[in-house]
Structure formats: C-alpha cells, structure tokens
file my_file.csv (CSV, C-alpha atoms and all ligand atoms)
chain,number,residue,atom,x,y,z
A,6,MET,CA,13.1,-11.9,32.6
A,7,MET,CA,11.8,-11.2,29.0
A,8,ARG,CA,8.2,-10.2,28.6
A,9,LYS,CA,6.9,-11.9,25.5
A,10,ILE,CA,4.4,-9.9,23.4
A,11,ASP,CA,2.3,-12.1,21.1
A,12,ILE,CA,1.4,-10.3,17.8
A,13,GLY,CA,-0.7,-11.5,14.9
A,14,LEU,CA,0.4,-11.4,11.2
A,15,LEU,CA,-2.2,-11.8,8.4
A,16,PHE,CA,-0.5,-11.7,5.0
A,17,SER,CA,-1.4,-14.1,2.2
A,18,GLU,CA,1.1,-16.5,0.8
A,19,THR,CA,-1.4,-18.0,-1.7
A,20,GLY,CA,-4.1,-16.6,-3.9
A,21,PRO,CA,-4.2,-13.6,-6.4
A,22,THR,CA,-2.6,-11.0,-4.1
A,23,ALA,CA,0.1,-13.2,-2.6
A,24,VAL,CA,2.6,-11.6,-5.0
A,25,ILE,CA,2.5,-8.4,-2.9
A,26,GLU,CA,1.4,-9.7,0.5
A,27,LYS,CA,4.5,-12.1,0.6
A,28,THR,CA,6.7,-9.0,0.4
A,29,GLN,CA,4.7,-7.4,3.4
A,30,LEU,CA,5.2,-10.6,5.4
A,31,HIS,CA,9.0,-10.5,4.5
A,32,ALA,CA,9.3,-6.9,5.7
A,33,THR,CA,7.3,-7.6,8.9
A,34,ARG,CA,9.5,-10.5,9.9
A,35,LEU,CA,12.7,-8.6,9.0
A,36,ALA,CA,11.6,-5.6,11.2
A,37,ILE,CA,10.6,-8.0,14.0
A,38,GLU,CA,14.2,-9.3,14.1
A,39,ARG,CA,15.5,-5.8,14.2
A,40,ALA,CA,12.9,-4.6,16.8
A,41,ASN,CA,13.7,-7.7,19.0
A,42,ARG,CA,17.4,-6.8,19.1
A,43,GLU,CA,16.5,-3.3,20.2
A,44,LEU,CA,13.6,-4.3,22.5
A,45,ALA,CA,15.8,-6.8,24.5
A,46,VAL,CA,17.3,-3.8,26.4
A,47,ALA,CA,13.7,-2.9,27.6
A,48,GLY,CA,13.0,-6.5,28.4
A,49,PHE,CA,10.5,-7.2,25.6
A,50,GLU,CA,10.4,-9.9,22.9
A,51,LEU,CA,7.8,-9.8,20.0
A,52,VAL,CA,6.5,-13.3,19.3
A,53,PRO,CA,4.7,-13.4,15.8
A,54,HIS,CA,1.9,-15.8,15.0
A,55,HIS,CA,1.3,-15.9,11.2
A,56,PHE,CA,-1.6,-17.4,9.3
A,57,ASP,CA,-2.1,-17.4,5.5
A,58,PRO,CA,-5.6,-16.0,4.7
A,59,GLN,CA,-5.2,-17.1,1.0
A,60,SER,CA,-6.3,-13.7,-0.4
A,61,ASP,CA,-9.8,-14.4,0.9
A,62,SER,CA,-11.5,-11.7,3.0
A,63,ARG,CA,-13.7,-14.1,4.9
A,64,LEU,CA,-10.6,-16.0,6.0
A,65,PHE,CA,-9.0,-12.7,7.1
A,66,ALA,CA,-12.0,-12.0,9.4
A,67,ALA,CA,-12.0,-15.6,10.8
A,68,LEU,CA,-8.2,-15.7,11.4
A,69,SER,CA,-8.2,-12.3,13.1
A,70,GLU,CA,-10.8,-13.6,15.5
A,71,LYS,CA,-8.7,-16.7,16.0
A,72,LEU,CA,-5.6,-14.7,16.7
A,73,ILE,CA,-7.5,-12.6,19.3
A,74,LEU,CA,-9.3,-15.5,21.0
A,75,GLU,CA,-6.9,-18.3,20.8
A,76,TYR,CA,-3.5,-16.5,20.7
A,77,SER,CA,-4.5,-13.6,22.9
A,78,VAL,CA,-3.0,-11.0,20.6
A,79,ASN,CA,-3.7,-7.3,21.2
A,80,VAL,CA,-2.2,-6.2,17.9
A,81,ILE,CA,-2.5,-7.5,14.3
A,82,PHE,CA,-0.3,-6.5,11.4
A,83,GLY,CA,-1.8,-7.3,8.0
A,84,CYS,CA,-4.2,-6.9,5.1
A,85,TYR,CA,-3.5,-5.8,1.6
A,86,THR,CA,-6.9,-5.4,-0.1
A,87,SER,CA,-9.4,-3.0,1.3
A,88,ALA,CA,-11.9,-5.8,1.2
A,89,SER,CA,-9.8,-7.8,3.7
A,90,ARG,CA,-9.3,-4.7,5.9
A,91,LYS,CA,-13.0,-4.0,5.9
A,92,ALA,CA,-13.6,-7.6,6.9
A,93,VAL,CA,-11.1,-7.4,9.8
A,94,LEU,CA,-12.2,-4.0,11.0
A,95,PRO,CA,-15.4,-5.1,12.8
A,96,VAL,CA,-13.5,-7.9,14.6
A,97,VAL,CA,-10.8,-5.5,16.0
A,98,GLU,CA,-13.5,-3.0,16.9
A,99,LYS,CA,-15.6,-5.7,18.7
A,100,TYR,CA,-12.7,-6.9,20.8
A,101,ASN,CA,-11.0,-3.4,21.0
A,102,ARG,CA,-7.7,-4.6,19.5
A,103,LEU,CA,-5.4,-2.8,17.1
A,104,LEU,CA,-4.8,-3.4,13.4
A,105,PHE,CA,-1.7,-1.9,11.6
A,106,TYR,CA,-2.5,-1.7,7.9
A,107,PRO,CA,0.5,-1.2,5.6
A,108,THR,CA,-1.2,-0.6,2.3
A,109,LEU,CA,-2.2,2.4,0.1
A,110,TYR,CA,-6.0,2.6,0.0
A,111,GLU,CA,-9.0,4.6,-1.2
A,112,GLY,CA,-9.5,6.7,2.0
A,113,PHE,CA,-13.0,7.6,3.3
A,114,GLU,CA,-12.5,5.6,6.5
A,115,PHE,CA,-11.5,6.1,10.1
A,116,SER,CA,-11.4,3.5,12.8
A,117,PRO,CA,-9.9,4.2,16.3
A,118,ASN,CA,-8.7,0.6,16.1
A,119,VAL,CA,-6.6,1.0,12.9
A,120,VAL,CA,-3.3,2.6,12.2
A,121,TYR,CA,-3.0,3.4,8.5
A,122,THR,CA,0.6,3.4,7.4
A,123,GLY,CA,0.2,3.4,3.5
A,124,ALA,CA,-0.8,6.4,1.4
A,125,CYS,CA,-4.4,7.7,1.3
A,126,PRO,CA,-5.8,9.6,-1.8
A,127,ASN,CA,-4.5,13.1,-1.2
A,128,GLN,CA,-1.0,11.5,-0.9
A,129,ASN,CA,-1.0,9.5,-4.1
A,130,VAL,CA,-3.9,9.8,-6.6
A,131,ILE,CA,-4.0,13.6,-6.6
A,132,PHE,CA,-0.3,13.8,-7.0
A,133,LEU,CA,-0.4,11.3,-9.9
A,134,ALA,CA,-3.4,13.0,-11.6
A,135,GLU,CA,-1.7,16.4,-11.6
A,136,PHE,CA,1.4,14.8,-13.3
A,137,MET,CA,-0.6,12.8,-15.9
A,138,PHE,CA,-2.9,15.7,-16.8
A,139,SER,CA,0.1,18.1,-17.3
A,140,THR,CA,2.3,15.6,-19.1
A,141,PHE,CA,-0.1,13.5,-21.2
A,142,GLY,CA,-3.5,15.1,-21.2
A,143,LYS,CA,-6.9,14.8,-19.5
A,144,SER,CA,-8.7,11.9,-21.3
A,145,CYS,CA,-8.5,8.8,-19.3
A,146,TYR,CA,-9.6,5.1,-19.4
A,147,LEU,CA,-10.2,3.3,-16.1
A,148,VAL,CA,-9.4,-0.4,-15.6
A,149,GLY,CA,-9.7,-2.0,-12.2
A,150,SER,CA,-10.2,-5.2,-10.2
A,151,ASP,CA,-13.7,-5.8,-9.0
A,152,TYR,CA,-13.8,-4.7,-5.4
A,153,VAL,CA,-14.0,-1.6,-3.2
A,154,TYR,CA,-10.5,0.0,-3.6
A,155,PRO,CA,-10.7,0.2,-7.5
A,156,TYR,CA,-14.3,1.6,-7.4
A,157,GLU,CA,-13.6,4.2,-4.8
A,158,SER,CA,-10.2,5.2,-6.3
A,159,ASN,CA,-11.7,5.5,-9.7
A,160,ARG,CA,-14.5,7.7,-8.3
A,161,VAL,CA,-11.8,10.1,-7.0
A,162,MET,CA,-10.0,10.0,-10.4
A,163,LYS,CA,-13.3,10.6,-12.3
A,164,ASP,CA,-13.9,13.7,-10.1
A,165,LEU,CA,-10.4,15.0,-10.8
A,166,VAL,CA,-10.7,14.4,-14.6
A,167,HIS,CA,-14.1,16.0,-14.8
A,168,GLY,CA,-13.1,18.9,-12.4
A,169,PHE,CA,-10.2,19.7,-14.8
A,170,GLY,CA,-12.2,19.6,-17.9
A,171,GLY,CA,-11.1,16.1,-19.1
A,172,GLN,CA,-13.1,13.1,-20.2
A,173,ILE,CA,-13.5,9.5,-19.1
A,174,LEU,CA,-13.5,7.3,-22.2
A,175,GLY,CA,-14.2,4.0,-20.5
A,176,GLU,CA,-14.4,2.1,-17.2
A,177,GLN,CA,-14.0,-1.7,-16.9
A,178,TYR,CA,-13.7,-4.1,-14.0
A,179,VAL,CA,-12.2,-7.6,-14.0
A,180,PRO,CA,-12.3,-10.4,-11.3
A,181,LEU,CA,-9.6,-10.4,-8.7
A,182,ASP,CA,-8.2,-13.6,-10.3
A,183,ALA,CA,-8.5,-12.3,-13.9
A,184,GLY,CA,-6.2,-13.7,-16.5
A,185,PRO,CA,-5.0,-12.8,-20.0
A,186,THR,CA,-8.3,-13.4,-21.8
A,187,ASP,CA,-10.1,-11.0,-19.5
A,188,PHE,CA,-7.9,-8.2,-20.7
A,189,ARG,CA,-7.9,-8.7,-24.4
A,190,PRO,CA,-11.3,-7.1,-25.1
A,191,ILE,CA,-10.3,-4.2,-22.8
A,192,VAL,CA,-7.0,-3.4,-24.5
A,193,ALA,CA,-8.8,-3.6,-27.9
A,194,GLU,CA,-11.3,-1.0,-26.7
A,195,ILE,CA,-8.5,1.2,-25.3
A,196,ARG,CA,-6.8,1.0,-28.7
A,197,SER,CA,-9.9,2.2,-30.5
A,198,CYS,CA,-10.7,5.1,-28.1
A,199,ALA,CA,-7.1,6.2,-27.6
A,200,PRO,CA,-7.1,8.0,-24.2
A,201,ASP,CA,-4.2,10.2,-23.1
A,202,PHE,CA,-3.5,7.7,-20.4
A,203,ILE,CA,-5.0,4.7,-18.6
A,204,PHE,CA,-5.6,4.6,-14.8
A,205,SER,CA,-5.1,1.0,-13.6
A,206,THR,CA,-6.5,-0.1,-10.2
A,207,VAL,CA,-5.9,-3.7,-11.1
A,208,VAL,CA,-4.2,-5.5,-8.2
A,209,GLY,CA,-2.1,-8.6,-7.6
A,210,GLU,CA,-1.1,-11.1,-10.3
A,211,ALA,CA,-3.6,-9.8,-12.7
A,212,THR,CA,-1.5,-6.7,-13.1
A,213,ARG,CA,1.0,-8.7,-15.1
A,214,ASP,CA,-1.7,-10.0,-17.4
A,215,PHE,CA,-3.0,-6.5,-18.0
A,216,TYR,CA,0.4,-4.9,-18.8
A,217,GLU,CA,1.3,-7.9,-21.0
A,218,ALA,CA,-2.0,-7.7,-22.9
A,219,TYR,CA,-1.4,-4.0,-23.3
A,220,GLU,CA,2.0,-4.7,-24.9
A,221,ASP,CA,0.5,-7.5,-27.1
A,222,ALA,CA,-2.1,-5.1,-28.5
A,223,GLY,CA,0.8,-2.9,-29.8
A,224,LEU,CA,0.1,0.0,-27.3
A,225,SER,CA,3.0,2.2,-26.4
A,226,PRO,CA,3.7,3.9,-23.1
A,227,GLU,CA,5.3,6.9,-24.9
A,228,ALA,CA,1.9,7.7,-26.4
A,229,MET,CA,-0.5,6.3,-23.8
A,230,PRO,CA,1.0,5.2,-20.6
A,231,ILE,CA,-0.6,3.3,-17.7
A,232,ALA,CA,-0.8,5.2,-14.4
A,233,SER,CA,-1.3,3.3,-11.2
A,234,LEU,CA,-1.1,3.3,-7.4
A,235,THR,CA,-0.8,-0.5,-7.1
A,236,THR,CA,1.7,-1.5,-9.7
A,237,THR,CA,4.8,-1.8,-7.6
A,238,GLU,CA,8.2,-3.5,-8.0
A,239,ALA,CA,6.5,-6.8,-6.8
A,240,GLU,CA,4.1,-6.8,-9.8
A,241,LEU,CA,6.8,-5.6,-12.2
A,242,ALA,CA,8.9,-8.6,-11.1
A,243,ILE,CA,6.5,-11.1,-12.5
A,244,MET,CA,6.1,-9.4,-15.9
A,245,ARG,CA,8.2,-9.8,-19.0
A,246,PRO,CA,10.7,-7.0,-19.0
A,247,SER,CA,9.5,-5.5,-22.3
A,248,ALA,CA,6.0,-5.1,-20.9
A,249,ARG,CA,7.0,-3.3,-17.7
A,250,ALA,CA,8.9,-0.3,-18.9
A,251,GLY,CA,7.6,3.3,-19.3
A,252,HIS,CA,4.6,3.3,-17.0
A,253,PHE,CA,3.9,5.5,-13.9
A,254,THR,CA,3.2,4.8,-10.3
A,255,SER,CA,2.7,7.1,-7.4
A,256,ALA,CA,3.9,5.8,-4.0
A,257,PRO,CA,5.7,7.1,-0.9
A,258,PHE,CA,8.6,4.6,-1.4
A,259,PHE,CA,10.3,2.9,-4.3
A,260,ALA,CA,13.3,0.5,-3.9
A,261,THR,CA,15.5,3.1,-5.7
A,262,VAL,CA,14.9,5.5,-2.8
A,263,LEU,CA,17.5,3.4,-0.9
A,264,GLY,CA,20.2,4.6,-3.2
A,265,GLU,CA,19.5,8.3,-2.4
A,266,PRO,CA,22.0,10.2,-0.2
A,267,GLN,CA,19.4,11.1,2.5
A,268,CYS,CA,18.7,7.4,2.8
A,269,ALA,CA,22.2,6.3,3.8
A,270,GLN,CA,21.1,4.9,7.2
A,271,TRP,CA,18.8,2.4,5.4
A,272,ALA,CA,21.0,1.6,2.4
A,273,GLU,CA,21.9,-1.9,3.8
A,274,LEU,CA,18.2,-2.9,3.4
A,275,ALA,CA,18.9,-3.0,-0.4
A,276,VAL,CA,20.5,-6.5,0.0
A,277,HIS,CA,17.0,-7.9,0.7
A,278,ALA,CA,16.0,-7.1,-2.9
A,279,ARG,CA,17.6,-10.6,-3.5
A,280,GLU,CA,14.9,-12.2,-1.4
A,281,VAL,CA,11.8,-10.1,-2.5
A,282,PRO,CA,11.1,-7.0,-4.6
A,283,LEU,CA,11.2,-4.1,-2.2
A,284,ASN,CA,8.2,-1.8,-2.7
A,285,GLN,CA,5.9,0.7,-0.9
A,286,CYS,CA,3.9,-2.0,0.9
A,287,TRP,CA,7.1,-3.7,2.0
A,288,GLU,CA,8.4,-0.4,3.4
A,289,ALA,CA,5.1,0.4,5.3
A,290,ALA,CA,5.1,-3.1,6.7
A,291,TYR,CA,8.7,-2.6,7.8
A,292,PHE,CA,8.4,0.8,9.5
A,293,GLU,CA,5.1,0.1,11.2
A,294,ILE,CA,6.8,-2.6,13.4
A,295,LEU,CA,9.4,-0.1,14.5
A,296,LEU,CA,6.7,2.4,15.2
A,297,PHE,CA,4.8,-0.1,17.3
A,298,ALA,CA,7.9,-1.2,19.1
A,299,SER,CA,8.7,2.4,20.2
A,300,ALA,CA,5.2,2.9,21.5
A,301,LEU,CA,5.3,-0.5,23.3
A,302,VAL,CA,8.4,0.6,25.3
A,303,GLU,CA,6.9,4.0,26.1
A,304,VAL,CA,3.7,2.6,27.5
A,305,ASP,CA,5.4,-0.5,29.0
A,306,GLY,CA,3.1,-3.1,27.3
A,307,ASP,CA,0.7,-3.7,24.4
A,308,ALA,CA,-2.6,-2.8,26.1
A,309,PRO,CA,-4.6,-1.1,23.2
A,310,VAL,CA,-6.1,1.6,25.5
A,311,LYS,CA,-2.5,2.8,26.3
A,312,LEU,CA,-0.9,2.1,22.9
A,313,MET,CA,-3.4,4.0,20.8
A,314,PRO,CA,-2.9,7.4,22.5
A,315,SER,CA,0.8,6.9,22.4
A,316,LEU,CA,0.8,6.1,18.7
A,317,ARG,CA,-1.2,9.3,17.8
A,318,GLY,CA,1.4,12.0,16.9
A,319,ARG,CA,4.3,9.5,17.2
A,320,GLU,CA,7.2,9.9,14.8
A,321,CYS,CA,9.3,7.2,13.3
A,322,ALA,CA,12.4,7.2,11.1
A,323,ALA,CA,11.4,5.2,7.9
A,324,PRO,CA,13.3,4.5,4.7
A,325,GLN,CA,11.0,7.0,2.8
A,326,GLY,CA,11.8,9.7,5.5
A,327,LEU,CA,10.7,10.7,8.9
A,328,ILE,CA,7.0,9.8,9.1
A,329,ARG,CA,4.4,10.5,11.9
A,330,ILE,CA,1.0,9.3,12.7
A,331,ASP,CA,-1.6,12.1,12.5
A,332,PRO,CA,-3.1,12.6,15.9
A,333,ASP,CA,-6.6,13.3,14.5
A,334,ASN,CA,-7.0,10.4,12.0
A,335,ASN,CA,-4.4,7.7,12.7
A,336,HIS,CA,-3.0,7.9,9.1
A,337,ALA,CA,0.7,8.4,8.4
A,338,TRP,CA,2.2,11.6,7.0
A,339,VAL,CA,4.1,10.3,4.0
A,340,TYR,CA,6.2,11.6,1.1
A,341,PRO,CA,4.5,11.4,-2.3
A,342,ARG,CA,6.7,10.3,-5.1
A,343,ILE,CA,6.2,9.4,-8.8
A,344,GLY,CA,8.2,6.7,-10.4
A,345,ARG,CA,8.6,5.7,-14.1
A,346,SER,CA,9.0,1.9,-14.4
A,347,MET,CA,12.1,0.6,-16.1
A,348,ALA,CA,12.7,-2.7,-17.9
A,349,ASP,CA,15.0,-3.9,-15.0
A,350,GLY,CA,11.9,-3.9,-12.7
A,351,ASN,CA,12.7,-0.8,-10.8
A,352,PHE,CA,11.3,2.8,-10.9
A,353,GLU,CA,13.2,5.9,-11.8
A,354,ILE,CA,12.0,8.6,-9.4
A,355,ILE,CA,10.8,11.6,-11.4
A,356,ARG,CA,9.1,13.6,-8.7
A,357,GLU,CA,9.3,13.6,-5.0
A,358,SER,CA,8.0,15.7,-2.1
A,359,LYS,CA,10.7,16.9,0.2
A,360,ARG,CA,8.2,17.2,3.0
A,361,PRO,CA,5.7,14.7,4.4
A,362,VAL,CA,2.2,15.4,3.3
A,363,ARG,CA,-0.6,15.5,5.9
A,364,PRO,CA,-3.1,12.6,5.4
A,365,ASP,CA,-6.6,13.8,4.4
A,366,PRO,CA,-8.4,10.5,4.1
A,367,TYR,CA,-11.8,12.2,3.5
A,368,LEU,CA,-10.3,14.7,0.9
A,369,MET,CA,-11.7,17.6,3.0
A,370,SER,CA,-9.2,20.2,1.9
A,371,TYR,CA,-7.2,19.1,-1.1
A,372,ALA,CA,-6.3,21.3,-4.0
A,373,ILE,CA,-4.4,20.1,-7.0
A,374,SER,CA,-2.6,23.4,-7.3
A,375,ALA,CA,-1.2,23.0,-3.8
A,376,LEU,CA,1.0,20.1,-4.8
B,401,LIG,C1,-6.1,-1.9,-1.7
B,401,LIG,O1,-7.0,-2.7,-1.9
B,401,LIG,N1,-6.1,-1.0,-0.7
B,401,LIG,C2,-5.0,-1.9,-2.6
call {"tool": "encode", "arguments": {"input": "my_file.csv", "output": "structure tokens"}}
result
Amino acid sequence: MMRKIDIGLLFSETGPTAVIEKTQLHATRLAIERANRELAVAGFELVPHHFDPQSDSRLFAALSEKLILEYSVNVIFGCYTSASRKAVLPVVEKYNRLLFYPTLYEGFEFSPNVVYTGACPNQNVIFLAEFMFSTFGKSCYLVGSDYVYPYESNRVMKDLVHGFGGQILGEQYVPLDAGPTDFRPIVAEIRSCAPDFIFSTVVGEATRDFYEAYEDAGLSPEAMPIASLTTTEAELAIMRPSARAGHFTSAPFFATVLGEPQCAQWAELAVHAREVPLNQCWEAAYFEILLFASALVEVDGDAPVKLMPSLRGRECAAPQGLIRIDPDNNHAWVYPRIGRSMADGNFEIIRESKRPVRPDPYLMSYAISAL
C-alpha cells in the first residue's frame, strides 16, 4: 500500500518573475517524477499541489496558508523573490511546517522552518566582487528592482567596494514590472559617469529591458560589463542575442556545467533545455526534491519535527556537485562559479570552486582574500 505524501508548490506562472519561476516549477515536477520512481520501493508517493501566486507576495502568503489548512501539506517548495519568501515565512513558522527555498538571496536570515538551497552572499556576491575588482576595477554603478533582495545585496556590494578603496558612482531602483522606458535615463547616466562595471540586481522580465537598453545606449561589455547574481539562462533566453553576450553572473550552477566530465551522471538532464532554460534556480529546485525524498525515507514520513533534524547535515548528489545542508544554519554548501554570457544564451564558465563553500548567511567570517 503506497503512502501518499501531499506537498505544496508555489511558483508563479504569470507576472514579472514568471520567467524564472516557471523553470523552478519545471525542475520541481521533473524531480518529483524521478523521486517517485525511487520512492516506490520505500512505499511512498509524492502528490504535488501547485498554485500560481502570480508574482505577488500577498498571494504567496495566502496560498501557503491554503496549502497547509486545506491540503494538509507539511512541506512547501517555492518562492523566487525574497519578498515572497518573507511573506511565507511567518505562515510556515505559525503552523510549524517546512519551506524549501530554491533561490539565491541576500542572506541575513535564519528560520528553523526553512531550508535554503540557493546561494547566500558569501557564496556568490563576494566571489563576483573579487573577480570584477581584479579584472575591471573598483568603480561601480548599482541598478536594482525595488524590493528587499536588491537593497540588501547592494548594501553588501557597497561595503565591498568601499572596503577595497573603490567608489559607488550611482544607485537606482526600478519597479518589479519595469519596462524599457524606466531604463533609458539610467543607462544615459551610466554612460556619462562611466563606471568600471555595473552591478545589476534587477530581476525577472525587466532584466531583458535593462540589458537591451544598455546595448541601445551604445555601451559595451568589453569596457563596462554588467555583473549580476540574478541574470540566468532564463533571462538571457528572452533577450535579443546581441544584447546578452559578454556580461558576468556568479551562480553555483550554469547549464554548461552539464557538459563537464565530473557531471556525467547528470548529462541526460541537458535534453530538458528544449523545454525551459536550465539555470541555477532550476537546479536548486531539482536537487531539493531529491534531498527531501531521502530524508522522508529515513524518518519514515513528512512530520516536520522529524524531517528537520534529518535534513541538517544531510548530503545530496546534485548537478553542481555533492551538496550538504549546514547543520547550524539550514543553508546549502554550494560551489561558487562565474560565467560569462554568450550570444547563444549560455554561460562560458570562467571560474569555479572545486570544493563546496560553507554558507555564512550573516557574513560573520568572510574574507575576500580567502576565495
Ligand atoms: C531574490 O529575491 N532572492 C532573487
């Protein structure tokens, strides 16, 4: 007799961040199919219940409560923006349920009810800053979407720039649903102040409009590239090819990792690039289901009081490499990489850590020279 385990999925299929969240939903469903084949031996079947929160944080909160109260789920997989995670967090804490969060974020958070499977700042922004400073210089212009992740991530970048004797030449925020006209005055200002590089914390569809406005203004990535943590293959896929080449992103996974020899066991995942652009958030959404499934078998059920201790310290083979959940802070140890975007919509990997880096979400002990 199969034991059915209801799980909740909250990824947007509409709204400004659907472009990336649809890839997370794709990976989650794909991994559930795989997990269910393996879980059958142990007598479990995952039964997903998905709702579209429309890129709206209030809907994320309301739907997480609906999943818990009406669908009796103990575990929810979802959220892209930090605003949506911060809206779901009090709900999972109130009912003592679990949220798996498959997205890079700004750090400075810990909840005993969240497993953080994307990169936190010591695993991406510090790595990226070191590369940009040593390759292009230390004067930087900041452009972001108007919510918590860009503000906090820019705060870290500003500290790094100032700490290394550089200069911030400007800082601008646009609405989450910004379009081309929002970026024209910003790229004009960037042109006149000529920073060494731009740090973009723009997210979702607006990323396309920013990179295209940058190209329209005659700016060139050889002289003044854009560095980002959120411009993935999913955002490159909706840009015109000439606008997407030559910029830099730091992430634990790029689709091109699947072509590397150490990734042979995952190489068959590459066929799914025909369905959605594979990217760091897709990969985290994929492996976190496998991680959850292994804990489910070990504790023989999805009761959060048993699952959480079993997840702390748990290892999981993932396309980026063997990851593990830090027993002290519930964040994943991941492999920082830097990719240079290409006109074909992929990233050429130009730096990668051979070892997983311990998550330090509060940046207690980072040192740029240690990277
Ligand atoms: C994000 O909001 N964590 C990308």
call {"tool": "closest_atom_pairs", "arguments": {"input": "my_file.csv", "of": "chain A", "to": "ligand LIG 401 (chain B)", "cutoff": "9 Å", "atoms": "only C-alpha atoms and all ligand atoms", "output": "Markdown table"}}
result
| residue | atom | partner | partner_atom | distance |
| --- | --- | --- | --- | --- |
| A:Cys84 | CA | B:LIG401 | N1 | 8.5 |
| A:Tyr85 | CA | B:LIG401 | C1 | 5.7 |
| A:Thr86 | CA | B:LIG401 | O1 | 3.2 |
| A:Ser87 | CA | B:LIG401 | O1 | 4.0 |
| A:Ala88 | CA | B:LIG401 | O1 | 6.6 |
| A:Ser89 | CA | B:LIG401 | O1 | 8.1 |
| A:Arg90 | CA | B:LIG401 | N1 | 8.2 |
| A:Thr108 | CA | B:LIG401 | N1 | 5.8 |
| A:Leu109 | CA | B:LIG401 | N1 | 5.2 |
| A:Tyr110 | CA | B:LIG401 | N1 | 3.7 |
| A:Glu111 | CA | B:LIG401 | N1 | 6.3 |
| A:Gly112 | CA | B:LIG401 | N1 | 8.8 |
| A:Gly123 | CA | B:LIG401 | N1 | 8.8 |
| A:Tyr152 | CA | B:LIG401 | O1 | 7.9 |
| A:Val153 | CA | B:LIG401 | O1 | 7.2 |
| A:Tyr154 | CA | B:LIG401 | O1 | 4.7 |
| A:Pro155 | CA | B:LIG401 | O1 | 7.3 |
| A:Thr206 | CA | B:LIG401 | C2 | 8.0 |
| A:Val207 | CA | B:LIG401 | C2 | 8.7 |
| A:Val208 | CA | B:LIG401 | C2 | 6.7 |
| A:Gly209 | CA | B:LIG401 | C2 | 8.8 |
| A:Leu234 | CA | B:LIG401 | C2 | 8.1 |
| A:Thr235 | CA | B:LIG401 | C2 | 6.3 |
call {"tool": "residues_around", "arguments": {"input": "my_file.csv", "residues": "Asn101 of chain A", "least_positions_apart": "5", "cutoff": "12 Å", "atoms": "all atoms listed in the file", "output": "PDB file with C-alpha atoms, in the frame of the given file"}}
result
ATOM      1  CA  GLU A  70     -10.800 -13.600  15.500  1.00  0.00           C
ATOM      2  CA  ILE A  73      -7.500 -12.600  19.300  1.00  0.00           C
ATOM      3  CA  VAL A  78      -3.000 -11.000  20.600  1.00  0.00           C
ATOM      4  CA  ASN A  79      -3.700  -7.300  21.200  1.00  0.00           C
ATOM      5  CA  VAL A  80      -2.200  -6.200  17.900  1.00  0.00           C
ATOM      6  CA  ILE A  81      -2.500  -7.500  14.300  1.00  0.00           C
ATOM      7  CA  VAL A  93     -11.100  -7.400   9.800  1.00  0.00           C
ATOM      8  CA  LEU A  94     -12.200  -4.000  11.000  1.00  0.00           C
ATOM      9  CA  PRO A  95     -15.400  -5.100  12.800  1.00  0.00           C
ATOM     10  CA  VAL A  96     -13.500  -7.900  14.600  1.00  0.00           C
ATOM     11  CA  SER A 116     -11.400   3.500  12.800  1.00  0.00           C
ATOM     12  CA  PRO A 117      -9.900   4.200  16.300  1.00  0.00           C
ATOM     13  CA  ASN A 118      -8.700   0.600  16.100  1.00  0.00           C
ATOM     14  CA  VAL A 119      -6.600   1.000  12.900  1.00  0.00           C
ATOM     15  CA  ALA A 308      -2.600  -2.800  26.100  1.00  0.00           C
ATOM     16  CA  PRO A 309      -4.600  -1.100  23.200  1.00  0.00           C
ATOM     17  CA  VAL A 310      -6.100   1.600  25.500  1.00  0.00           C
ATOM     18  CA  LYS A 311      -2.500   2.800  26.300  1.00  0.00           C
ATOM     19  CA  LEU A 312      -0.900   2.100  22.900  1.00  0.00           C
ATOM     20  CA  MET A 313      -3.400   4.000  20.800  1.00  0.00           C
TER      21      MET A 313
END
call {"tool": "atom_distance", "arguments": {"input": "my_file.csv", "atom1": "atom CA of Lys143 of chain A", "atom2": "atom CA of Val166 of chain A"}}
result
6.2 Å
call {"tool": "closest_residue", "arguments": {"input": "my_file.csv", "among": "A:Thr122, A:Ser346, A:Gln29, A:Ser158", "to": "Arg329 of chain A", "atoms": "only C-alpha atoms"}}
result
A:Thr122
call {"tool": "residues_around", "arguments": {"input": "my_file.csv", "residues": "Thr261 of chain A", "least_positions_apart": "2", "cutoff": "8 Å", "atoms": "all atoms listed in the file", "output": "PyMOL selection string"}}
result
chain A and resi 259+263-265+351-354
call {"tool": "closest_residue", "arguments": {"input": "my_file.csv", "among": "A:Gln177, A:Ser370, A:Thr140, A:Ser17", "to": "Asp61 of chain A", "atoms": "only C-alpha atoms"}}
result
A:Ser17
call {"tool": "closest_residue", "arguments": {"input": "my_file.csv", "among": "A:Gly306, A:Gly170, A:Pro246, A:Pro180", "to": "Arg8 of chain A", "atoms": "only C-alpha atoms"}}
result
A:Gly306
call {"tool": "closest_residue", "arguments": {"input": "my_file.csv", "among": "A:Ala32, A:Leu316, A:Leu301, A:Ala211", "to": "Cys286 of chain A", "atoms": "only C-alpha atoms"}}
result
A:Ala32
call {"tool": "decode", "arguments": {"input": "my_file.csv", "residues": "segment 64-100 of chain A", "atoms": "C-alpha atoms", "output": "CSV table (one decimal), in the first residue's frame"}}
result
chain,number,residue,atom,x,y,z
A,64,LEU,CA,-0.8,35.7,-2.8
A,65,PHE,CA,2.2,33.6,-1.8
A,66,ALA,CA,1.2,34.1,1.9
A,67,ALA,CA,-2.5,33.3,1.3
A,68,LEU,CA,-1.8,30.3,-0.8
A,69,SER,CA,0.8,28.8,1.6
A,70,GLU,CA,-1.9,29.0,4.3
A,71,LYS,CA,-4.4,27.4,1.9
A,72,LEU,CA,-2.0,24.6,1.2
A,73,ILE,CA,-1.5,23.9,4.9
A,74,LEU,CA,-5.1,24.2,6.0
A,75,GLU,CA,-7.0,22.8,3.0
A,76,TYR,CA,-4.5,20.4,1.5
A,77,SER,CA,-2.8,19.3,4.8
A,78,VAL,CA,0.7,19.8,3.4
A,79,ASN,CA,3.7,19.7,5.8
A,80,VAL,CA,6.2,20.8,3.2
A,81,ILE,CA,6.1,23.6,0.6
A,82,PHE,CA,8.6,24.1,-2.2
A,83,GLY,CA,8.6,27.6,-3.7
A,84,CYS,CA,9.3,31.3,-3.8
A,85,TYR,CA,11.7,33.2,-6.0
A,86,THR,CA,11.7,36.8,-4.7
A,87,SER,CA,12.9,37.4,-1.1
A,88,ALA,CA,9.7,39.4,-0.7
A,89,SER,CA,7.6,36.3,-1.3
A,90,ARG,CA,9.8,34.2,1.0
A,91,LYS,CA,9.5,36.8,3.7
A,92,ALA,CA,5.7,36.7,3.2
A,93,VAL,CA,5.5,32.8,3.5
A,94,LEU,CA,7.9,32.6,6.4
A,95,PRO,CA,5.5,33.7,9.2
A,96,VAL,CA,2.9,31.2,7.9
A,97,VAL,CA,5.2,28.2,7.9
A,98,GLU,CA,6.5,29.3,11.3
A,99,LYS,CA,3.0,29.7,12.7
A,100,TYR,CA,1.9,26.2,11.7
